[in-house]
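Trainee: I have a structure here, written as structure tokens, and I will follow up with some questions on it.
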Amino acid sequence: MAGQPPLITVTDLSHSFPVQGAEPVAALSGINLALHPGEMVAVVGANGSGKTTLGRHLNGLLLPDSGCVTVDGMDTRTRADLPCIRSSVAMVFQRPEDQIVATTVEDDVAFGPQNLGLPGDQIESRVRWALETTGMWEQRFRPPHLLSAGQQQRVAIAGALAMRPRCMVLDEATAMLDPAGRRAVLDLLSQLHREGMTIVHITHSMREACGAERVIVLADGRVAWDGPPAALFRDPDRLEPLGLEAPPAVALYQELARRYPGLPGGLLTEAEVAEQLLGRLARRSASDEPASEEPPAETGRPALSVSAVEHTYLEGTPFATRSLEKLDLTLYAGEPAALLGPTGSGKSTLLQLMAGLLEPQAGKVVLDSHQPVSSGSRSVAMLFQRPEEQLFETFVGDDVAYGPRQMGLPADEVRRRVRWAMDLGNIPFDHYKDRFCQGISGGEQRKAALAGVLAVRPHILLLDEPTAGLDPRTRREVLETLRQMVQDEGMTLMMATHQMEDVAELAQRAWVLDRGRLLATGTPRALFQRPDLMAQHGLEVPEVTSLFHRLWQEGADVPRDRLTLREGLEALLCGLDAGEKRA
């Protein structure tokens, strides 16, 4: 580990990206790092801080403008060494489809070893080992594009493993996965680390960062922190300027520690927090049962109704997949709502049907006027899961202006809407209007895409994973923007998400889907009182809720239905006060 010679050394690394008609944008400035064999390293930082740019330098996908990167003594700027460097350091991208090239899983995993010129028996052995390690051997003959997102990510990891690398760099590889898929990938990374592989995990999940041995924080292209996670997350005042925050249960505990100085610090997990609190909380009677909350009555004016909708992909072929089956739901005017479900449950398909981008093969989707939804409807707008898929203009300002221009609005009104939407979406007009759409970070792309749909001023906004891949500060900004649109503009909102904290903070009603069927509906508070239902379908409850379930099950006199940090803090302050009085 740290006593061994570094596997990767980064020395005075700087890198910039060009901007038409302006000075290049510095992505990295004077980075110095040493990564040792067998380390588990998390790289975190705000969107645009340089994380992906750094990751792509570690195996020579990008080359330094100045400084150097060496892998086991080989300089990435030496072209002849690149094949060996890329065999030693494998890269796994956030989008697995960016690195899946073959028509079957088995052929895709074999692609790397084949390019190394290995004998056929070695290729076969490596492919089998990689697929068995990732749990994908039984899927080896399937076309990758017919796999779920989680399975595709496992195939991408298998392709990297087949190169037998000494180090694996993962760039937000869990951001788009459902909770079960994310846990499976993290378990696999832990297994590989135990076997001696160096893991560099670029992530916006602070819970994932807490599981690393070392955390590197980037800010404005520079190293702002390099050390153990316990030291980083111990001080909330250090995190805020970096756009970061502690995981919810840890943040809740830190707020308690401000009021109760006797509480020990340095905790990183929900289980550690629960253990510290249990001895300080009053015990409940064994007969105490929390009151269950009934789902709210369906009231208000329907904004959009889905009736008996069915949809099958590749219908009539051997690969036919039923995505929705006799599904009914009604979205009411002015409500923020959420779609929950594992990868492949039909959430994205349902959103596309609601937006008129797909036509139901059975059933119907209608607006409150009883008119069928169509792709040309200005009442409904959709933000896709991949923001880069709907950014097509060269410059950000032009992309945000595209919708208003198509509406035939006067030039001054277009400019007013663009400035309003960009400023509201925390992507300031004056700073970003002339930036290249493909030259900004993933988080900035997501905010630009959101500004583009807000500029149309739709009555109904549909969002597919709106905060995936965002740093904590940007996530809060996006949620606040959406909250403002609901409260101030009366917008109806439906988001499909795997981020349960987003549901707890924003949604008034939620639906749980799996395999195209509606399993449950109700308020988030009511649904999250059924952790068994959530777990059964590969989901989870918010971390604060999970903490309160754990405390309640261990006999603490606390409610089980707390959803957010604020609610949890209020309940625990009462509980600790009661515990002290009884003591």
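Scheme for the structure tokens: letters A, B, ... for chains in order shown; per-chain residue numbers from 1; ligand numbers from 1 in order shown.
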Give me every helix (DSSP H, G or I) residue in stretch 192-307 of chain A, going by DSSP on the backbone, as an MDAnalysis selection string.

Mentor: chainID A and resid 192:194 206:210 229:233 236:242 248:259 270:278

Trainee: Can you tell me, as an MDAnalysis selection string, what residues are no more than 6 Å from stretch 452-457 of chain A when counting only C-alpha atoms, ignoring any on the same chain fewer than 5 positions away?

Mentor: chainID A and resid 400 403:404 417:418 421

Trainee: Write a file of the just-selected residues containing C-alpha atoms, as a PDB file, in the first residue's frame.

Mentor:
ATOM      1  CA  VAL A 400     -31.983  26.657 -24.278  1.00  0.00           C
ATOM      2  CA  GLY A 403     -37.919  25.510 -27.735  1.00  0.00           C
ATOM      3  CA  PRO A 404     -39.077  29.132 -27.422  1.00  0.00           C
ATOM      4  CA  ARG A 417     -37.168  33.271 -21.281  1.00  0.00           C
ATOM      5  CA  VAL A 418     -33.664  31.935 -21.865  1.00  0.00           C
ATOM      6  CA  ALA A 421     -34.656  29.667 -17.261  1.00  0.00           C
TER       7      ALA A 421
END

Trainee: Report the distance between atom CA of A:Glu480 and atom CA of A:Ala451 in Å, rounded to one decimal place.

Mentor: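 That distance, rounded to one decimal, is 13.5 Å.
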
Trainee: For A:Ala401, which residue out of A:Val414, A:Thr103, A:Glu270, A:Thr174 is the nearest one, using only C-alpha atoms?

Mentor: A:Val414

Trainee: Residues near A:Val478, anyone? I mean within 9 Å using only C-alpha atoms, not counting same-chain ones fewer than 6 positions away, as an NGL selection string.

Mentor: :A and (425-426 or 447 or 450 or 466-467)

Trainee: Those residues with N, CA, C and O atoms, as a PDB file, in the first residue's frame please?

Mentor:
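This went into out-v6.pdb:
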ATOM      1  N   GLY A 425     -32.263  27.894 -13.181  1.00  0.00           N
ATOM      2  CA  GLY A 425     -31.638  26.573 -13.108  1.00  0.00           C
ATOM      3  C   GLY A 425     -30.202  26.601 -12.641  1.00  0.00           C
ATOM      4  O   GLY A 425     -29.498  25.587 -12.746  1.00  0.00           O
ATOM      5  N   ASN A 426     -29.735  27.720 -12.109  1.00  0.00           N
ATOM      6  CA  ASN A 426     -28.379  27.845 -11.574  1.00  0.00           C
ATOM      7  C   ASN A 426     -27.301  27.531 -12.605  1.00  0.00           C
ATOM      8  O   ASN A 426     -26.294  26.888 -12.321  1.00  0.00           O
ATOM      9  N   LYS A 447     -28.130  20.643 -16.009  1.00  0.00           N
ATOM     10  CA  LYS A 447     -28.784  21.908 -15.689  1.00  0.00           C
ATOM     11  C   LYS A 447     -29.164  22.669 -16.951  1.00  0.00           C
ATOM     12  O   LYS A 447     -30.213  23.316 -17.003  1.00  0.00           O
ATOM     13  N   LEU A 450     -32.269  21.044 -18.333  1.00  0.00           N
ATOM     14  CA  LEU A 450     -33.426  21.438 -17.531  1.00  0.00           C
ATOM     15  C   LEU A 450     -33.857  22.854 -17.886  1.00  0.00           C
ATOM     16  O   LEU A 450     -35.054  23.133 -18.037  1.00  0.00           O
ATOM     17  N   PRO A 466     -33.554  13.026 -12.620  1.00  0.00           N
ATOM     18  CA  PRO A 466     -33.094  14.408 -12.768  1.00  0.00           C
ATOM     19  C   PRO A 466     -31.844  14.756 -11.978  1.00  0.00           C
ATOM     20  O   PRO A 466     -31.150  15.715 -12.323  1.00  0.00           O
ATOM     21  N   THR A 467     -31.517  14.013 -10.916  1.00  0.00           N
ATOM     22  CA  THR A 467     -30.345  14.377 -10.117  1.00  0.00           C
ATOM     23  C   THR A 467     -29.227  13.352 -10.180  1.00  0.00           C
ATOM     24  O   THR A 467     -28.222  13.497  -9.471  1.00  0.00           O
TER      25      THR A 467
END

Trainee: Give me the residues within 8 Å of A:Leu304 as a ChimeraX atom specification, counting only C-alpha atoms and dropping any in the same chain fewer than 4 places off.

Mentor: /A:330-332,354,365-368

Trainee: Can you list every residue of stretch 183-237 of chain A that has an atom at most 9 Å from stretch 115-136 of chain A, with its nearest atom pair and the distance in Å to one decimal, using only C-alpha atoms, ordered by chain then number, as JSON lines?

Mentor:
{"residue": "A:Ala184", "atom": "CA", "partner": "A:Thr134", "partner_atom": "CA", "distance": 9.0}
{"residue": "A:Val185", "atom": "CA", "partner": "A:Thr134", "partner_atom": "CA", "distance": 8.4}
{"residue": "A:Leu188", "atom": "CA", "partner": "A:Thr134", "partner_atom": "CA", "distance": 7.0}

Trainee: Nearest residue to A:Gln553 out of A:Leu192, A:Ala219, A:Leu278, A:Val92, using only C-alpha atoms?

Mentor: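 Of A:Leu192, A:Ala219, A:Leu278, A:Val92, the one nearest A:Gln553 is A:Leu278, counting only C-alpha atoms.
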
Trainee: From a DSSP pass on the backbone, collect the residues of stretch 57-180 of chain A flagged as strand (DSSP E or B) and hand them back as a short mmCIF file (atom, residue, chain, number, x, y, z; two decimals) with all heavy atoms, in the first residue's frame.

Mentor:
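Contents of states.cif, as written:
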data_model
loop_
_atom_site.label_atom_id
_atom_site.label_comp_id
_atom_site.auth_asym_id
_atom_site.auth_seq_id
_atom_site.Cartn_x
_atom_site.Cartn_y
_atom_site.Cartn_z
N SER A 66 0.67 19.95 -19.70
CA SER A 66 1.96 20.06 -19.05
C SER A 66 1.97 19.10 -17.88
O SER A 66 0.93 18.64 -17.42
CB SER A 66 2.21 21.50 -18.57
OG SER A 66 1.25 21.89 -17.61
N GLY A 67 3.16 18.78 -17.38
CA GLY A 67 3.28 17.76 -16.36
C GLY A 67 3.27 16.37 -16.99
O GLY A 67 3.35 16.22 -18.22
N CYS A 68 3.16 15.36 -16.17
CA CYS A 68 3.17 13.99 -16.71
C CYS A 68 2.43 13.04 -15.79
O CYS A 68 2.22 13.31 -14.60
CB CYS A 68 4.61 13.51 -16.94
SG CYS A 68 5.55 13.24 -15.43
N VAL A 69 2.04 11.89 -16.38
CA VAL A 69 1.42 10.79 -15.66
C VAL A 69 2.21 9.54 -16.00
O VAL A 69 2.42 9.24 -17.19
CB VAL A 69 -0.06 10.59 -16.05
CG1 VAL A 69 -0.65 9.39 -15.32
CG2 VAL A 69 -0.87 11.84 -15.77
N THR A 70 2.68 8.82 -14.99
CA THR A 70 3.39 7.58 -15.25
C THR A 70 2.66 6.42 -14.59
O THR A 70 2.11 6.56 -13.48
CB THR A 70 4.84 7.62 -14.72
OG1 THR A 70 4.82 7.85 -13.30
CG2 THR A 70 5.63 8.73 -15.40
N VAL A 71 2.63 5.29 -15.28
CA VAL A 71 2.01 4.06 -14.78
C VAL A 71 3.09 3.00 -14.73
O VAL A 71 3.63 2.60 -15.77
CB VAL A 71 0.86 3.61 -15.69
CG1 VAL A 71 0.28 2.28 -15.20
CG2 VAL A 71 -0.23 4.67 -15.75
N MET A 74 5.97 3.96 -16.73
CA MET A 74 5.76 4.27 -18.15
C MET A 74 5.00 5.58 -18.29
O MET A 74 3.98 5.79 -17.64
CB MET A 74 4.98 3.14 -18.83
CG MET A 74 5.72 1.81 -18.87
SD MET A 74 4.72 0.47 -19.57
CE MET A 74 3.54 0.21 -18.23
N ASP A 75 5.49 6.46 -19.15
CA ASP A 75 4.91 7.78 -19.37
C ASP A 75 3.76 7.67 -20.37
O ASP A 75 3.95 7.13 -21.47
CB ASP A 75 5.98 8.75 -19.88
CG ASP A 75 5.56 10.21 -19.79
OD1 ASP A 75 4.38 10.50 -20.08
OD2 ASP A 75 6.41 11.05 -19.46
N VAL A 89 -4.16 -0.28 -16.46
CA VAL A 89 -5.17 0.61 -15.89
C VAL A 89 -6.39 0.59 -16.80
O VAL A 89 -6.36 1.13 -17.91
CB VAL A 89 -4.64 2.04 -15.72
CG1 VAL A 89 -5.71 2.93 -15.08
CG2 VAL A 89 -3.37 2.06 -14.90
N ALA A 90 -7.46 -0.04 -16.35
CA ALA A 90 -8.68 -0.15 -17.15
C ALA A 90 -9.67 0.91 -16.70
O ALA A 90 -9.73 1.28 -15.52
CB ALA A 90 -9.30 -1.54 -17.00
N MET A 91 -10.47 1.40 -17.66
CA MET A 91 -11.43 2.47 -17.38
C MET A 91 -12.84 1.94 -17.60
O MET A 91 -13.13 1.27 -18.60
CB MET A 91 -11.17 3.64 -18.34
CG MET A 91 -12.00 4.87 -18.07
SD MET A 91 -11.13 6.02 -16.98
CE MET A 91 -12.38 7.28 -16.77
N VAL A 92 -13.74 2.25 -16.66
CA VAL A 92 -15.16 1.91 -16.79
C VAL A 92 -15.94 3.22 -16.72
O VAL A 92 -15.84 3.95 -15.73
CB VAL A 92 -15.62 0.95 -15.68
CG1 VAL A 92 -17.11 0.66 -15.82
CG2 VAL A 92 -14.82 -0.34 -15.72
N CYS A 167 -5.17 -1.96 -11.98
CA CYS A 167 -5.97 -0.87 -11.44
C CYS A 167 -7.21 -0.70 -12.29
O CYS A 167 -7.15 -0.83 -13.52
CB CYS A 167 -5.15 0.42 -11.44
SG CYS A 167 -6.07 1.93 -11.01
N MET A 168 -8.33 -0.41 -11.65
CA MET A 168 -9.55 -0.11 -12.37
C MET A 168 -10.04 1.28 -11.95
O MET A 168 -10.16 1.57 -10.76
CB MET A 168 -10.63 -1.15 -12.10
CG MET A 168 -11.87 -0.99 -12.98
SD MET A 168 -13.10 -2.29 -12.70
CE MET A 168 -12.17 -3.72 -13.20
N VAL A 169 -10.30 2.13 -12.96
CA VAL A 169 -10.82 3.47 -12.72
C VAL A 169 -12.28 3.48 -13.15
O VAL A 169 -12.59 3.18 -14.31
CB VAL A 169 -10.02 4.53 -13.52
CG1 VAL A 169 -10.58 5.93 -13.26
CG2 VAL A 169 -8.54 4.47 -13.16
N LEU A 170 -13.18 3.82 -12.25
CA LEU A 170 -14.61 3.82 -12.54
C LEU A 170 -15.14 5.23 -12.43
O LEU A 170 -15.00 5.89 -11.39
CB LEU A 170 -15.36 2.90 -11.57
CG LEU A 170 -14.91 1.44 -11.60
CD1 LEU A 170 -14.01 1.16 -10.39
CD2 LEU A 170 -16.09 0.49 -11.61
N ASP A 171 -15.73 5.72 -13.53
CA ASP A 171 -16.23 7.09 -13.58
C ASP A 171 -17.75 7.09 -13.41
O ASP A 171 -18.48 6.83 -14.35
CB ASP A 171 -15.84 7.74 -14.91
CG ASP A 171 -16.15 9.23 -14.95
OD1 ASP A 171 -16.59 9.77 -13.92
OD2 ASP A 171 -15.95 9.86 -16.00
#

Trainee: Atom CA of A:Arg419 and atom CA of A:Val396, how far apart in Å?

Mentor: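 Spanning atom CA of A:Val396 to atom CA of A:Arg419 is a straight-line distance of 11.4 Å.
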
Trainee: Write out as number ranges by chain which residues come within 9 Å of A:Asn32 when counting only C-alpha atoms, dropping same-chain ones fewer than 6 positions away.

Mentor: A: 9-13, 222-223

Trainee: Only N, CA, C and O atoms, please: the residues just picked out, written as an mmCIF file, in the first residue's frame.

Mentor:
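Output (again_36.cif):
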data_model
loop_
_atom_site.group_PDB
_atom_site.id
_atom_site.type_symbol
_atom_site.label_atom_id
_atom_site.label_comp_id
_atom_site.auth_asym_id
_atom_site.auth_seq_id
_atom_site.Cartn_x
_atom_site.Cartn_y
_atom_site.Cartn_z
ATOM 1 N N THR A 9 1.768 7.687 -10.819
ATOM 2 C CA THR A 9 2.278 8.953 -10.292
ATOM 3 C C THR A 9 1.836 10.087 -11.202
ATOM 4 O O THR A 9 2.026 10.025 -12.426
ATOM 5 N N VAL A 10 1.216 11.092 -10.621
ATOM 6 C CA VAL A 10 0.754 12.273 -11.351
ATOM 7 C C VAL A 10 1.597 13.458 -10.874
ATOM 8 O O VAL A 10 1.617 13.757 -9.680
ATOM 9 N N THR A 11 2.284 14.103 -11.809
ATOM 10 C CA THR A 11 3.222 15.162 -11.452
ATOM 11 C C THR A 11 2.884 16.450 -12.196
ATOM 12 O O THR A 11 2.937 16.489 -13.441
ATOM 13 N N ASP A 12 2.518 17.484 -11.439
ATOM 14 C CA ASP A 12 2.256 18.821 -12.008
ATOM 15 C C ASP A 12 1.342 18.759 -13.234
ATOM 16 O O ASP A 12 1.553 19.463 -14.227
ATOM 17 N N LEU A 13 0.316 17.940 -13.167
ATOM 18 C CA LEU A 13 -0.571 17.728 -14.316
ATOM 19 C C LEU A 13 -1.514 18.910 -14.516
ATOM 20 O O LEU A 13 -2.238 19.300 -13.598
ATOM 21 N N ARG A 222 -7.993 21.423 -8.899
ATOM 22 C CA ARG A 222 -6.874 21.242 -7.978
ATOM 23 C C ARG A 222 -7.264 20.265 -6.867
ATOM 24 O O ARG A 222 -8.443 20.078 -6.582
ATOM 25 N N VAL A 223 -6.255 19.677 -6.247
ATOM 26 C CA VAL A 223 -6.505 18.787 -5.112
ATOM 27 C C VAL A 223 -6.776 19.642 -3.884
ATOM 28 O O VAL A 223 -5.899 20.374 -3.415
#

Trainee: So that I can see what lies close to A:Gly397, please list as number ranges by chain the residues with an atom at most 10 Å from it, counting only C-alpha atoms and leaving out residues fewer than 3 positions away in the same chain.

Mentor: A: 393-394, 400-402, 415, 418-419, 422, 429-437, 448, 451-452

Trainee: Create the file for the chosen residues now, containing N, CA, C and O atoms and written as an mmCIF file, in the first residue's frame.

Mentor:
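The result, written out as selection-v8.cif:
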data_model
loop_
_atom_site.group_PDB
_atom_site.id
_atom_site.type_symbol
_atom_site.label_atom_id
_atom_site.label_comp_id
_atom_site.auth_asym_id
_atom_site.auth_seq_id
_atom_site.Cartn_x
_atom_site.Cartn_y
_atom_site.Cartn_z
ATOM 1 N N GLU A 393 -27.504 21.823 -30.003
ATOM 2 C CA GLU A 393 -26.924 23.044 -30.540
ATOM 3 C C GLU A 393 -25.456 23.144 -30.119
ATOM 4 O O GLU A 393 -25.002 22.458 -29.206
ATOM 5 N N THR A 394 -24.712 24.026 -30.778
ATOM 6 C CA THR A 394 -23.301 24.185 -30.442
ATOM 7 C C THR A 394 -23.124 24.878 -29.102
ATOM 8 O O THR A 394 -22.315 24.458 -28.270
ATOM 9 N N VAL A 400 -30.869 26.278 -25.158
ATOM 10 C CA VAL A 400 -31.983 26.657 -24.278
ATOM 11 C C VAL A 400 -33.035 27.441 -25.059
ATOM 12 O O VAL A 400 -34.235 27.349 -24.787
ATOM 13 N N ALA A 401 -32.591 28.197 -26.074
ATOM 14 C CA ALA A 401 -33.509 29.025 -26.859
ATOM 15 C C ALA A 401 -34.290 28.239 -27.906
ATOM 16 O O ALA A 401 -35.266 28.759 -28.465
ATOM 17 N N TYR A 402 -33.893 26.982 -28.164
ATOM 18 C CA TYR A 402 -34.498 26.243 -29.278
ATOM 19 C C TYR A 402 -36.009 26.107 -29.115
ATOM 20 O O TYR A 402 -36.775 26.376 -30.049
ATOM 21 N N ARG A 415 -35.195 35.758 -25.642
ATOM 22 C CA ARG A 415 -34.033 36.065 -24.810
ATOM 23 C C ARG A 415 -34.428 36.182 -23.329
ATOM 24 O O ARG A 415 -33.708 35.711 -22.448
ATOM 25 N N VAL A 418 -34.927 32.651 -21.992
ATOM 26 C CA VAL A 418 -33.664 31.935 -21.865
ATOM 27 C C VAL A 418 -32.910 32.406 -20.623
ATOM 28 O O VAL A 418 -32.411 31.594 -19.831
ATOM 29 N N ARG A 419 -32.828 33.717 -20.428
ATOM 30 C CA ARG A 419 -32.143 34.238 -19.253
ATOM 31 C C ARG A 419 -32.853 33.778 -17.981
ATOM 32 O O ARG A 419 -32.205 33.338 -17.014
ATOM 33 N N MET A 422 -32.230 29.907 -17.451
ATOM 34 C CA MET A 422 -30.849 29.589 -17.090
ATOM 35 C C MET A 422 -30.518 30.081 -15.690
ATOM 36 O O MET A 422 -29.873 29.371 -14.907
ATOM 37 N N PHE A 429 -26.892 32.844 -17.127
ATOM 38 C CA PHE A 429 -26.954 33.215 -18.552
ATOM 39 C C PHE A 429 -25.644 33.858 -19.021
ATOM 40 O O PHE A 429 -25.073 33.439 -20.024
ATOM 41 N N ASP A 430 -25.162 34.859 -18.322
ATOM 42 C CA ASP A 430 -23.993 35.604 -18.797
ATOM 43 C C ASP A 430 -22.741 34.735 -18.829
ATOM 44 O O ASP A 430 -21.853 34.945 -19.662
ATOM 45 N N HIS A 431 -22.652 33.762 -17.963
ATOM 46 C CA HIS A 431 -21.448 32.928 -17.892
ATOM 47 C C HIS A 431 -21.493 31.735 -18.850
ATOM 48 O O HIS A 431 -20.454 31.293 -19.342
ATOM 49 N N TYR A 432 -22.696 31.225 -19.142
ATOM 50 C CA TYR A 432 -22.790 29.967 -19.886
ATOM 51 C C TYR A 432 -23.367 30.093 -21.302
ATOM 52 O O TYR A 432 -23.280 29.154 -22.082
ATOM 53 N N LYS A 433 -23.947 31.209 -21.659
ATOM 54 C CA LYS A 433 -24.666 31.274 -22.934
ATOM 55 C C LYS A 433 -23.773 30.990 -24.134
ATOM 56 O O LYS A 433 -24.240 30.445 -25.147
ATOM 57 N N ASP A 434 -22.487 31.304 -24.056
ATOM 58 C CA ASP A 434 -21.585 31.093 -25.184
ATOM 59 C C ASP A 434 -20.643 29.917 -24.979
ATOM 60 O O ASP A 434 -19.673 29.761 -25.730
ATOM 61 N N ARG A 435 -20.949 29.054 -23.996
ATOM 62 C CA ARG A 435 -20.115 27.860 -23.771
ATOM 63 C C ARG A 435 -20.579 26.742 -24.686
ATOM 64 O O ARG A 435 -21.757 26.596 -25.003
ATOM 65 N N PHE A 436 -19.629 25.896 -25.119
ATOM 66 C CA PHE A 436 -19.956 24.719 -25.919
ATOM 67 C C PHE A 436 -20.794 23.753 -25.092
ATOM 68 O O PHE A 436 -20.427 23.427 -23.954
ATOM 69 N N CYS A 437 -21.881 23.246 -25.656
ATOM 70 C CA CYS A 437 -22.712 22.268 -24.938
ATOM 71 C C CYS A 437 -21.913 21.019 -24.559
ATOM 72 O O CYS A 437 -22.099 20.454 -23.483
ATOM 73 N N ALA A 448 -28.308 22.594 -17.983
ATOM 74 C CA ALA A 448 -28.633 23.260 -19.253
ATOM 75 C C ALA A 448 -29.856 22.620 -19.895
ATOM 76 O O ALA A 448 -30.731 23.306 -20.438
ATOM 77 N N ALA A 451 -32.900 23.758 -18.065
ATOM 78 C CA ALA A 451 -33.240 25.127 -18.459
ATOM 79 C C ALA A 451 -33.959 25.134 -19.803
ATOM 80 O O ALA A 451 -34.894 25.914 -20.021
ATOM 81 N N GLY A 452 -33.539 24.253 -20.713
ATOM 82 C CA GLY A 452 -34.175 24.187 -22.030
ATOM 83 C C GLY A 452 -35.635 23.813 -21.962
ATOM 84 O O GLY A 452 -36.459 24.360 -22.707
#

Trainee: For A:His201, work out the shell of residues within 12 Å, counting only C-alpha atoms and skipping chain neighbours fewer than 5 positions away, then give it as number ranges by chain.

Mentor: A: 39-44, 51-52, 54-55, 90-94, 167-175, 185-186, 189-190, 193, 206, 208-217

Trainee: Ranking A:His370, A:Glu543, A:Leu244, A:Ala337 by minimum distance to A:Ala510 and counting only C-alpha atoms, which one comes first?

Mentor: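 Nearest candidate to A:Ala510 out of A:His370, A:Glu543, A:Leu244, A:Ala337: A:Ala337.
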
Trainee: Compare A:Asp226, A:Asp328, A:Asp561, A:Asp65 by their minimum atom-to-atom distance to A:Trp511, counting only C-alpha atoms, and give me the closest one.

Mentor: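 That would be A:Asp328, the residue with the smallest distance to A:Trp511.
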
Trainee: Between atom CA of A:Leu340 and atom CA of A:Arg562, what is the distance, to one decimal in Å?

Mentor: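 Going from atom CA of A:Leu340 over to atom CA of A:Arg562 covers 18.8 Å.
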